[in-house]
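Raw my_file_15.txt, compact mmCIF, C-alpha atoms and all ligand atoms:
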```txt
# COMPACT_ATOMS: atom_id res chain seq x y z
CA MET A 1 6.60 -30.50 -24.76
CA LEU A 2 4.97 -27.12 -25.34
CA SER A 3 7.51 -24.59 -26.59
CA LEU A 4 8.10 -21.48 -24.53
CA GLU A 5 6.56 -19.33 -27.27
CA SER A 6 3.40 -21.50 -27.52
CA PHE A 7 3.07 -21.62 -23.74
CA ALA A 8 3.23 -17.82 -23.45
CA ALA A 9 0.89 -17.26 -26.42
CA GLU A 10 -1.70 -19.71 -25.06
CA ARG A 11 -1.61 -18.17 -21.60
CA LEU A 12 -2.05 -14.71 -23.06
CA ALA A 13 -4.99 -15.83 -25.19
CA GLY A 14 -6.65 -17.30 -22.09
CA LEU A 15 -6.19 -14.05 -20.19
CA GLU A 16 -7.56 -12.07 -23.13
CA ALA A 17 -10.69 -14.25 -23.27
CA ARG A 18 -11.36 -13.66 -19.55
CA GLY A 19 -10.78 -9.90 -19.78
CA GLN A 20 -7.65 -10.30 -17.65
CA ARG A 21 -4.89 -9.48 -20.10
CA ARG A 22 -2.99 -6.45 -18.88
CA GLY A 23 -1.18 -3.85 -20.89
CA LEU A 24 0.92 -0.79 -20.31
CA GLU A 25 0.05 2.68 -21.42
CA ALA A 26 2.74 5.35 -21.22
CA THR A 27 1.50 8.03 -18.86
CA HIS A 28 2.89 11.48 -18.29
CA ARG A 29 1.71 12.55 -14.88
CA ALA A 30 1.94 16.26 -15.45
CA ASP A 31 1.19 17.01 -11.79
CA GLY A 32 -0.48 15.03 -9.02
CA VAL A 33 -3.81 14.41 -10.76
CA TRP A 34 -3.68 15.53 -14.39
CA VAL A 35 -2.15 12.96 -16.71
CA GLU A 36 -1.49 12.64 -20.43
CA ARG A 37 -2.15 9.28 -22.05
CA GLY A 38 -2.35 8.46 -25.74
CA GLY A 39 -2.55 12.16 -26.60
CA GLU A 40 -5.41 12.77 -24.18
CA ARG A 41 -5.37 14.92 -21.07
CA LEU A 42 -7.25 13.14 -18.30
CA LEU A 43 -8.17 13.87 -14.70
CA SER A 44 -6.88 10.87 -12.77
CA PHE A 45 -8.60 9.18 -9.87
CA SER A 46 -6.19 6.25 -9.96
CA CYS A 47 -2.94 7.60 -8.46
CA ASN A 48 -1.83 6.73 -4.93
CA ASP A 49 0.05 10.03 -4.64
CA TYR A 50 -2.69 11.10 -2.21
CA LEU A 51 -1.14 14.43 -1.26
CA GLY A 52 0.41 15.33 -4.61
CA LEU A 53 3.83 15.31 -2.94
CA SER A 54 5.57 13.59 -5.86
CA HIS A 55 5.43 16.98 -7.60
CA HIS A 56 5.87 19.23 -4.58
CA PRO A 57 8.67 21.74 -5.22
CA ARG A 58 10.34 21.05 -1.86
CA VAL A 59 10.27 17.29 -2.42
CA LYS A 60 11.69 17.60 -5.93
CA ALA A 61 14.38 20.03 -4.78
CA ALA A 62 15.45 17.65 -1.99
CA ALA A 63 15.71 14.76 -4.46
CA MET A 64 17.76 16.81 -6.92
CA ALA A 65 20.12 18.05 -4.21
CA ALA A 66 20.68 14.46 -3.06
CA VAL A 67 21.60 13.40 -6.60
CA GLU A 68 24.13 16.24 -6.73
CA THR A 69 25.63 15.29 -3.39
CA TYR A 70 25.43 11.50 -3.34
CA GLY A 71 24.87 10.43 -6.96
CA ALA A 72 22.03 8.62 -8.67
CA GLY A 73 22.39 5.26 -6.96
CA SER A 74 23.58 3.98 -3.62
CA GLY A 75 26.11 1.63 -5.20
CA ALA A 76 25.75 -1.39 -2.94
CA SER A 77 23.60 -2.96 -0.26
CA ARG A 78 23.31 -0.74 2.80
CA LEU A 79 25.42 -3.16 4.84
CA VAL A 80 28.31 -2.71 2.39
CA THR A 81 28.64 0.94 1.30
CA GLY A 82 25.06 1.90 0.38
CA ASP A 83 24.08 3.50 3.68
CA THR A 84 24.16 7.23 2.91
CA PRO A 85 23.66 9.52 5.94
CA LEU A 86 20.17 10.25 4.59
CA MET A 87 19.01 6.73 5.41
CA GLY A 88 19.59 7.06 9.15
CA GLN A 89 17.83 10.43 9.12
CA LEU A 90 14.87 8.95 7.31
CA GLU A 91 14.64 6.01 9.70
CA ALA A 92 14.75 8.31 12.72
CA ARG A 93 11.95 10.40 11.20
CA LEU A 94 9.78 7.37 10.52
CA ALA A 95 10.27 5.92 14.00
CA ALA A 96 9.42 9.25 15.63
CA TRP A 97 6.34 9.70 13.43
CA LYS A 98 5.05 6.21 14.24
CA GLY A 99 6.10 6.26 17.89
CA THR A 100 8.38 3.23 17.74
CA GLU A 101 11.94 2.81 18.99
CA ASP A 102 13.46 2.34 15.57
CA ALA A 103 12.77 1.86 11.87
CA CYS A 104 14.34 0.12 8.92
CA VAL A 105 14.04 1.29 5.32
CA PHE A 106 13.80 -1.29 2.53
CA GLY A 107 13.91 -0.90 -1.26
CA SER A 108 10.10 -0.95 -1.52
CA GLY A 109 7.02 -1.95 0.42
CA TYR A 110 6.87 -5.24 -1.46
CA LEU A 111 10.49 -5.97 -0.57
CA ALA A 112 9.81 -5.02 3.04
CA ASN A 113 7.08 -7.62 3.49
CA ALA A 114 9.02 -10.21 1.51
CA GLY A 115 11.88 -9.69 3.95
CA ILE A 116 10.15 -9.05 7.27
CA ILE A 117 7.93 -12.12 7.42
CA PRO A 118 10.53 -14.84 6.71
CA THR A 119 12.83 -13.19 9.27
CA LEU A 120 10.24 -13.73 11.99
CA VAL A 121 8.55 -17.04 11.19
CA GLY A 122 9.33 -20.29 9.38
CA PRO A 123 8.44 -23.98 9.32
CA GLY A 124 6.72 -24.98 12.56
CA ASP A 125 5.16 -21.52 12.90
CA LEU A 126 1.73 -20.21 11.91
CA ILE A 127 0.74 -17.13 9.93
CA VAL A 128 -2.86 -15.96 10.06
CA ILE A 129 -3.47 -13.53 7.22
CA ASP A 130 -6.55 -11.54 6.25
CA GLU A 131 -7.98 -12.88 3.00
CA LEU A 132 -7.88 -9.40 1.45
CA ALA A 133 -4.34 -8.58 2.58
CA HIS A 134 -1.97 -7.23 -0.05
CA ALA A 135 -0.14 -9.63 -2.38
CA CYS A 136 3.24 -8.85 -0.79
CA LEU A 137 2.07 -10.03 2.64
CA TRP A 138 1.07 -13.28 0.94
CA ALA A 139 4.41 -13.41 -0.87
CA GLY A 140 6.33 -12.95 2.38
CA SER A 141 4.21 -15.64 4.00
CA LYS A 142 4.94 -18.10 1.21
CA LEU A 143 8.65 -17.35 1.30
CA SER A 144 8.75 -18.00 5.04
CA GLY A 145 7.72 -21.64 4.77
CA ALA A 146 5.38 -21.19 7.75
CA GLU A 147 1.89 -22.69 7.65
CA THR A 148 -0.46 -19.98 6.41
CA THR A 149 -4.13 -19.75 7.36
CA ARG A 150 -6.62 -17.41 5.74
CA LEU A 151 -8.58 -15.14 8.07
CA ARG A 152 -12.08 -14.18 6.97
CA HIS A 153 -11.91 -10.50 6.18
CA ASN A 154 -11.74 -8.42 9.38
CA ASP A 155 -13.40 -11.24 11.34
CA VAL A 156 -11.99 -10.93 14.87
CA GLU A 157 -14.01 -13.85 16.22
CA HIS A 158 -12.56 -16.04 13.49
CA LEU A 159 -9.07 -14.96 14.58
CA ASP A 160 -9.86 -15.80 18.19
CA ASP A 161 -11.18 -19.24 17.14
CA ILE A 162 -8.10 -20.01 15.02
CA LEU A 163 -5.71 -18.99 17.77
CA THR A 164 -7.66 -20.82 20.48
CA GLU A 165 -7.52 -23.98 18.39
CA ARG A 166 -3.97 -23.74 17.03
CA ARG A 167 -1.84 -21.74 19.46
CA GLY A 168 -0.81 -24.73 21.54
CA SER A 169 0.55 -26.74 18.63
CA VAL A 170 2.74 -24.13 16.90
CA ARG A 171 5.86 -22.28 17.96
CA ARG A 172 5.45 -18.65 16.86
CA VAL A 173 2.34 -16.98 15.44
CA LEU A 174 2.25 -13.94 13.18
CA VAL A 175 -1.03 -12.19 12.32
CA ALA A 176 -0.77 -10.10 9.14
CA THR A 177 -3.25 -7.55 7.84
CA ASP A 178 -3.51 -4.35 5.85
CA GLY A 179 -4.35 -1.36 8.06
CA VAL A 180 -6.25 0.15 5.10
CA PHE A 181 -7.27 -2.44 2.51
CA SER A 182 -5.84 -1.40 -0.80
CA MET A 183 -8.70 -2.44 -3.09
CA ASP A 184 -11.65 -1.86 -0.74
CA GLY A 185 -10.56 1.16 1.29
CA ASP A 186 -11.91 -0.19 4.57
CA LEU A 187 -9.91 -0.32 7.81
CA ALA A 188 -8.76 -3.28 9.87
CA PRO A 189 -10.08 -3.34 13.46
CA LEU A 190 -6.52 -2.97 14.75
CA ASP A 191 -7.57 -2.47 18.38
CA ARG A 192 -9.47 -5.77 18.51
CA LEU A 193 -6.80 -7.62 16.52
CA ALA A 194 -4.14 -6.32 18.92
CA GLU A 195 -6.12 -7.48 21.97
CA ILE A 196 -6.60 -10.97 20.56
CA CYS A 197 -2.96 -11.21 19.55
CA ALA A 198 -1.88 -10.17 23.04
CA ALA A 199 -4.20 -12.74 24.63
CA HIS A 200 -2.74 -15.56 22.50
CA ASP A 201 0.89 -14.45 22.40
CA ALA A 202 0.79 -13.72 18.67
CA TRP A 203 2.63 -10.93 16.84
CA LEU A 204 0.62 -8.39 14.86
CA LEU A 205 1.97 -7.01 11.57
CA SER A 206 0.02 -4.16 10.04
CA ASP A 207 0.67 -2.85 6.53
CA ASP A 208 -0.08 0.88 6.54
CA ALA A 209 0.75 1.54 2.89
CA HIS A 210 -2.48 3.49 2.39
CA GLY A 211 -2.73 5.07 5.86
CA LEU A 212 0.49 7.04 6.29
CA GLY A 213 -0.05 10.68 5.39
CA VAL A 214 -3.83 10.45 5.11
CA LEU A 215 -5.31 9.11 8.37
CA ALA A 216 -4.98 10.45 11.93
CA GLU A 217 -3.36 13.73 10.85
CA GLY A 218 -0.96 11.77 8.71
CA HIS A 219 0.27 9.35 11.37
CA GLY A 220 -1.57 6.46 9.73
CA SER A 221 -4.10 3.79 10.55
CA ALA A 222 -2.54 2.57 13.82
CA ALA A 223 -2.91 6.06 15.29
CA LEU A 224 -6.69 5.78 14.90
CA PHE A 225 -6.53 3.18 17.68
CA PRO A 226 -4.48 4.82 20.44
CA GLY A 227 -3.25 2.28 22.94
CA ALA A 228 -3.44 -0.66 20.51
CA ALA A 229 -0.19 -2.62 20.68
CA ILE A 230 0.99 -3.15 17.11
CA PRO A 231 4.62 -4.26 17.34
CA LEU A 232 5.23 -4.48 13.57
CA GLN A 233 4.16 -1.46 11.53
CA MET A 234 5.27 -1.52 7.93
CA GLY A 235 4.43 0.71 5.04
CA THR A 236 5.60 2.34 1.87
CA LEU A 237 7.02 5.68 0.81
CA SER A 238 5.42 5.31 -2.62
CA LYS A 239 1.90 6.53 -1.91
CA ALA A 240 1.11 9.62 0.20
CA VAL A 241 4.84 10.21 0.70
CA GLY A 242 5.06 10.54 -3.08
CA GLY A 243 8.35 8.74 -3.73
CA TYR A 244 9.63 5.20 -3.40
CA GLY A 245 10.82 2.81 -0.69
CA GLY A 246 9.40 0.66 2.10
CA TYR A 247 9.85 0.62 5.86
CA LEU A 248 9.26 -1.24 9.08
CA CYS A 249 8.76 0.62 12.36
CA ALA A 250 9.32 -1.59 15.40
CA SER A 251 11.44 -2.06 18.51
CA ARG A 252 15.22 -1.66 18.46
CA ALA A 253 15.71 -5.42 18.75
CA VAL A 254 13.34 -6.28 15.90
CA ILE A 255 14.92 -3.67 13.65
CA GLY A 256 18.39 -4.92 14.57
CA LEU A 257 17.33 -8.42 13.56
CA MET A 258 15.99 -7.14 10.22
CA ARG A 259 19.28 -5.42 9.42
CA SER A 260 21.16 -8.65 10.04
CA ARG A 261 18.77 -11.22 8.62
CA ALA A 262 16.05 -9.85 6.31
CA ARG A 263 17.18 -11.14 2.95
CA THR A 264 15.60 -8.34 0.92
CA PHE A 265 17.53 -5.88 3.09
CA VAL A 266 20.85 -7.71 3.22
CA TYR A 267 21.04 -8.82 -0.42
CA SER A 268 19.44 -5.88 -2.22
CA THR A 269 20.94 -2.51 -3.09
CA GLY A 270 20.02 0.38 -0.80
CA LEU A 271 17.35 2.85 -1.76
CA PRO A 272 18.68 5.60 -4.07
CA PRO A 273 19.71 8.72 -2.08
CA ALA A 274 17.20 10.86 -4.00
CA SER A 275 14.35 8.67 -2.75
CA ALA A 276 15.50 8.97 0.86
CA ALA A 277 15.87 12.75 0.59
CA ALA A 278 12.47 13.11 -1.09
CA ALA A 279 10.83 11.06 1.64
CA ILE A 280 12.37 13.18 4.41
CA ALA A 281 11.11 16.37 2.74
CA ALA A 282 7.67 14.83 2.24
CA LEU A 283 7.46 13.73 5.88
CA ASP A 284 8.29 17.32 6.88
CA ILE A 285 5.37 18.60 4.83
CA ILE A 286 3.04 15.93 6.24
CA ALA A 287 4.00 16.89 9.80
CA GLU A 288 3.56 20.61 9.10
CA ASP A 289 0.16 20.46 7.45
CA PRO A 290 -2.56 18.30 9.04
CA SER A 291 -5.17 20.03 6.87
CA LEU A 292 -3.43 18.71 3.73
CA CYS A 293 -3.50 15.19 5.21
CA ALA A 294 -7.22 15.43 5.95
CA ARG A 295 -8.22 16.45 2.43
CA PRO A 296 -8.15 13.09 0.53
CA LEU A 297 -10.55 11.49 3.02
CA ALA A 298 -12.79 14.56 2.95
CA ARG A 299 -12.95 14.32 -0.85
CA ALA A 300 -13.72 10.59 -0.66
CA ARG A 301 -16.54 11.33 1.79
CA GLN A 302 -17.92 14.05 -0.48
CA PHE A 303 -18.09 11.39 -3.22
CA THR A 304 -19.71 8.65 -1.11
CA ALA A 305 -22.26 11.15 0.28
CA ALA A 306 -23.13 12.38 -3.22
CA LEU A 307 -23.89 8.84 -4.39
CA GLY A 308 -25.43 7.48 -1.19
CA LEU A 309 -22.63 4.93 -0.79
CA PRO A 310 -21.37 3.79 2.64
CA GLN A 311 -19.18 6.56 4.11
CA ALA A 312 -15.57 6.27 2.96
CA GLN A 313 -13.10 5.22 5.66
CA SER A 314 -10.03 6.12 3.63
CA PRO A 315 -9.24 7.91 0.34
CA ILE A 316 -9.94 4.64 -1.53
CA VAL A 317 -13.51 3.98 -2.71
CA PRO A 318 -14.35 0.86 -4.73
CA VAL A 319 -17.24 0.77 -7.18
CA ILE A 320 -17.81 -2.95 -7.68
CA ILE A 321 -18.89 -3.84 -11.21
CA GLY A 322 -18.50 -7.65 -11.10
CA ASP A 323 -17.48 -8.89 -14.52
CA SER A 324 -14.02 -7.96 -15.84
CA HIS A 325 -15.24 -6.97 -19.32
CA ALA A 326 -17.95 -4.80 -17.77
CA ALA A 327 -15.42 -3.11 -15.49
CA LEU A 328 -13.23 -2.34 -18.49
CA ALA A 329 -16.25 -0.92 -20.32
CA ALA A 330 -17.13 1.27 -17.33
CA SER A 331 -13.56 2.56 -17.19
CA ARG A 332 -13.73 3.35 -20.93
CA ARG A 333 -16.98 5.28 -20.47
CA LEU A 334 -15.36 7.46 -17.83
CA ARG A 335 -12.33 7.97 -20.02
CA GLU A 336 -14.54 9.21 -22.83
CA GLN A 337 -15.53 11.94 -20.38
CA GLY A 338 -11.91 12.82 -19.59
CA LEU A 339 -11.72 10.86 -16.33
CA LEU A 340 -9.09 8.21 -15.67
CA VAL A 341 -10.34 5.48 -13.33
CA VAL A 342 -8.52 2.24 -13.95
CA ALA A 343 -10.45 -1.05 -13.75
CA ILE A 344 -9.06 -3.54 -11.24
CA ARG A 345 -9.64 -7.16 -12.18
CA PRO A 346 -8.85 -10.66 -10.89
CA PRO A 347 -6.46 -11.91 -9.68
CA THR A 348 -5.81 -8.55 -7.95
CA VAL A 349 -9.38 -8.84 -6.62
CA ALA A 350 -11.59 -11.92 -6.22
CA GLU A 351 -13.40 -13.40 -9.24
CA GLY A 352 -16.70 -11.63 -9.85
CA THR A 353 -15.63 -8.46 -8.01
CA ALA A 354 -13.88 -6.51 -10.78
CA ARG A 355 -14.19 -2.86 -9.95
CA LEU A 356 -13.35 0.73 -10.45
CA ARG A 357 -10.94 1.63 -7.66
CA ILE A 358 -11.19 5.35 -7.05
CA ALA A 359 -8.37 7.08 -5.17
CA PHE A 360 -8.93 10.64 -3.98
CA SER A 361 -6.17 13.18 -3.71
CA ALA A 362 -5.71 16.41 -1.79
CA LEU A 363 -5.29 18.02 -5.20
CA HIS A 364 -8.81 17.17 -6.40
CA SER A 365 -11.13 20.16 -6.10
CA GLU A 366 -14.68 19.73 -4.80
CA ALA A 367 -15.94 20.55 -8.28
CA GLU A 368 -13.80 17.77 -9.79
CA VAL A 369 -15.13 15.27 -7.26
CA ALA A 370 -18.70 16.36 -8.06
CA ARG A 371 -17.96 15.86 -11.75
CA LEU A 372 -16.71 12.33 -11.09
CA ALA A 373 -19.76 11.50 -8.97
CA GLU A 374 -22.11 12.53 -11.80
CA ALA A 375 -20.13 10.41 -14.27
CA VAL A 376 -20.19 7.37 -11.97
CA ARG A 377 -23.89 7.67 -11.05
CA PRO A 378 -25.23 5.96 -14.22
CA LEU A 379 -22.76 3.09 -13.70
CA LEU A 380 -24.28 2.37 -10.28
CA ALA A 381 -27.74 2.11 -11.77
CA ALA A 382 -26.53 -0.23 -14.53
N1 LIG B 401 1.16 -2.96 0.74
C1 LIG B 401 0.03 -2.46 0.21
C2 LIG B 401 -1.22 -2.55 1.01
C3 LIG B 401 0.06 -1.89 -1.06
O1 LIG B 401 -1.07 -1.42 -1.61
C4 LIG B 401 1.28 -1.82 -1.76
C5 LIG B 401 1.39 -1.14 -3.11
N2 LIG B 401 0.61 -1.61 -4.11
C6 LIG B 401 2.42 -2.36 -1.18
C7 LIG B 401 2.33 -2.90 0.07
C8 LIG B 401 3.72 -2.39 -1.90
O2 LIG B 401 4.40 -1.20 -1.73
P1 LIG B 401 5.47 -0.74 -2.84
O3 LIG B 401 4.68 -0.16 -3.95
O4 LIG B 401 6.31 0.25 -2.11
O5 LIG B 401 6.24 -1.95 -3.24
```
Take the structure from the file and write it as structure tokens.
Amino acid sequence: MLSLESFAAERLAGLEARGQRRGLEATHRADGVWVERGGERLLSFSCNDYLGLSHHPRVKAAAMAAVETYGAGSGASRLVTGDTPLMGQLEARLAAWKGTEDACVFGSGYLANAGIIPTLVGPGDLIVIDELAHACLWAGSKLSGAETTRLRHNDVEHLDDILTERRGSVRRVLVATDGVFSMDGDLAPLDRLAEICAAHDAWLLSDDAHGLGVLAEGHGSAALFPGAAIPLQMGTLSKAVGGYGGYLCASRAVIGLMRSRARTFVYSTGLPPASAAAAIAALDIIAEDPSLCARPLARARQFTAALGLPQAQSPIVPVIIGDSHAALAASRRLREQGLLVVAIRPPTVAEGTARLRIAFSALHSEAEVARLAEAVRPLLAA
């Protein structure tokens, strides 16, 4: 039998040969967009801190005050003694912001999806999931033991066909999608998905990780489709909100069920108090300043207009390179010019679609975006 050491070394060598080996690089994010890496100061277009709130003085002050008052950790799962008063406040804020009856905060967005999905469906049920949905929706689906069917990306007719064919032979049906697709930046047609789900008695789960704080005056992707019934709205506090944690906004009954049965909620330590306090302060700022929330998309649109690319629908703009080695080389060329744009490679994206994933922030100036566009232009021609 292959030893553990040989197994790991062989796997690593295989990844290296395909341009898929990954490595860490210590990064000091000096503010929202300027970072220091390997002694270099770089302008980053790879952070998901879309509003720069991770460094906002009010957000930092709230986190520090919470450490003083409640300590560095929450000490136990929320159902035991980890439920600081901040958690209820945060959940009430999230529910009000999303227009749902209640909300439940999890340790992270990944943990949220890994807990939500198996709480709702299992063997004998069907999950229909967009092929480009985030890895944690796939992880939750696998954990649930339900049959999982891949939906062609954003293809509402395909969804209708699947549900017409399968609805009669399964018990419960969950349809899972990103609201904003994390590696492509496009939006799910949530209004049409909601209609089809309603017609077939299926439950729609939308992951708004990249919508909260940056679309629809900060309310997120679902709010772009007023009237669309989306009973399960999850997301993260780690992107535009600038901190850490995940959430589900839903009805009182669904949230009650999560608190009793979602394994990543019940068996995992509660979010640190500082993270809850930071998120509350960040949500205050988001609610106060719609012009801040609008800026990342405006910057993304400045970029797509400058290069004649399809108009950005979110602050995420992919520049597809294809080959992993070529994507790494493109990223290196930008870095030589002081720009940090990380290459995203398989298996995060499909084989042959390695890319530069550009994320725009409210903190980028128009001049900085123009500088990036000029640096990317020759890569498009290549
Ligand atoms: N969903 C999507 C669409 C994401 O992009 C991410 C973050 N990469 C997550 C969920 C996971 O959120 P978190 O980072 O809070 O675990």
Contact check, chain A to ligand LIG 401 (chain B), at most 7 Å, counting only C-alpha atoms and all ligand atoms, closest pairs as a tab-separated table:
```
residue	atom	partner	partner_atom	distance
A:Ser108	CA	B:LIG401	O4	4.0
A:Gly109	CA	B:LIG401	O4	3.4
A:Tyr110	CA	B:LIG401	O5	3.8
A:Leu111	CA	B:LIG401	O5	6.4
A:Ala133	CA	B:LIG401	C2	7.0
A:His134	CA	B:LIG401	C2	4.9
A:Cys136	CA	B:LIG401	C7	6.1
A:Asp178	CA	B:LIG401	C2	5.6
A:Phe181	CA	B:LIG401	C2	6.2
A:Ser182	CA	B:LIG401	O1	4.8
A:Asp207	CA	B:LIG401	N1	5.8
A:Asp208	CA	B:LIG401	C2	6.6
A:Ala209	CA	B:LIG401	C1	4.9
A:His210	CA	B:LIG401	C2	6.3
A:Gly235	CA	B:LIG401	C7	6.5
A:Thr236	CA	B:LIG401	O4	4.6
A:Leu237	CA	B:LIG401	O4	6.2
A:Ser238	CA	B:LIG401	O4	5.2
A:Tyr244	CA	B:LIG401	O4	6.1
A:Gly245	CA	B:LIG401	O4	5.4
A:Gly246	CA	B:LIG401	O4	5.2
```
Using only C-alpha atoms, the best pick from A:Pro310, A:Pro231, A:Gly185, A:Gly270 as closest to Ser206 (chain A) would be A:Pro231
>> Restricting the calculation to all atoms listed in the file: of A:Leu151, A:Leu79, A:Ile321, A:Ala240, which residue gets closest to Arg295 (chain A)?
In response: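 Distance minimum relative to Arg295 (chain A) lands on A:Ala240.
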If you count only C-alpha atoms, the residue of A:Ile280, A:Leu126, A:Ala294, A:Leu339 closest to Arg172 (chain A) turns out to be A:Leu126
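Rounded to one decimal, CA of Ile129 (chain A) and CA of Arg150 (chain A) lie 5.2 Å from each other.
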Fill in: Long-range neighbours of Ala350 (chain A) as a list in words, 10 Å cut-off, all atoms listed in the file, 6 positions minimum in chain
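Here the qualifying residues turn out to be Glu131, Leu132 and Gly322 of chain A.
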Write out as number ranges by chain the residues lying within 8 Å of Ile344 (chain A), counting all atoms listed in the file and excluding same-chain residues fewer than 4 positions away. A: 327, 348-349, 354-357
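One finds CA of Asp155 (chain A) at 16.5 Å from CA of Ala198 (chain A).
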Excluding region 37-45 of chain A and any residue of its chain fewer than 6 positions from it, enumerate the residues within 12 Å of it, using only C-alpha atoms, and give them as a PyMOL selection string. chain A and resi 24-31+52+296+299-300+303+315-318+331+334-343+356-365+368-369+371-373+376
Q) Of the candidates A:Ala61, A:Cys104, A:Gly220, A:Leu232, which one gets nearest to Asp83 (chain A) if we count all atoms listed in the file? A)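 Smallest separation from Asp83 (chain A) among the options: A:Cys104.
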Near-Gly227 (chain A) list (12 Å; all atoms listed in the file; drop same-chain fewer than 6 positions) as number ranges by chain: A: 99, 190-192, 194-195
Here CA of Ala375 (chain A) and CA of Tyr50 (chain A) stand apart by 21.2 Å
Spatial sel., origin (22.9, -1.2, -1.9), limit 10 Å, all atoms listed in the file, listed as a ChimeraX atom specification: /A:73-84,107,265-272
**Asked** So which residues touch Ala223 (chain A) within 12 Å, counting only C-alpha atoms, skipping near sequence neighbours fewer than 5 positions away, as an MDAnalysis selection string?
**Response** chainID A and resid 97:100 179 189:191 206 208 211:218 228:230 233
TODO: Using all atoms listed in the file, pick whichever of A:Val170, A:Gly256, A:Leu205, A:Ser324 has the shortest atom-to-atom distance to Pro347 (chain A).
DONE: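 Of A:Val170, A:Gly256, A:Leu205, A:Ser324, the one nearest Pro347 (chain A) is A:Ser324, counting all atoms listed in the file.
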- Hey, which of A:Met183, A:Leu163, A:Leu94, A:Leu137 ends up closest to Asn48 (chain A)? Count only C-alpha atoms.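 Looking at the shortest contact to Asn48 (chain A), the residue is A:Met183.
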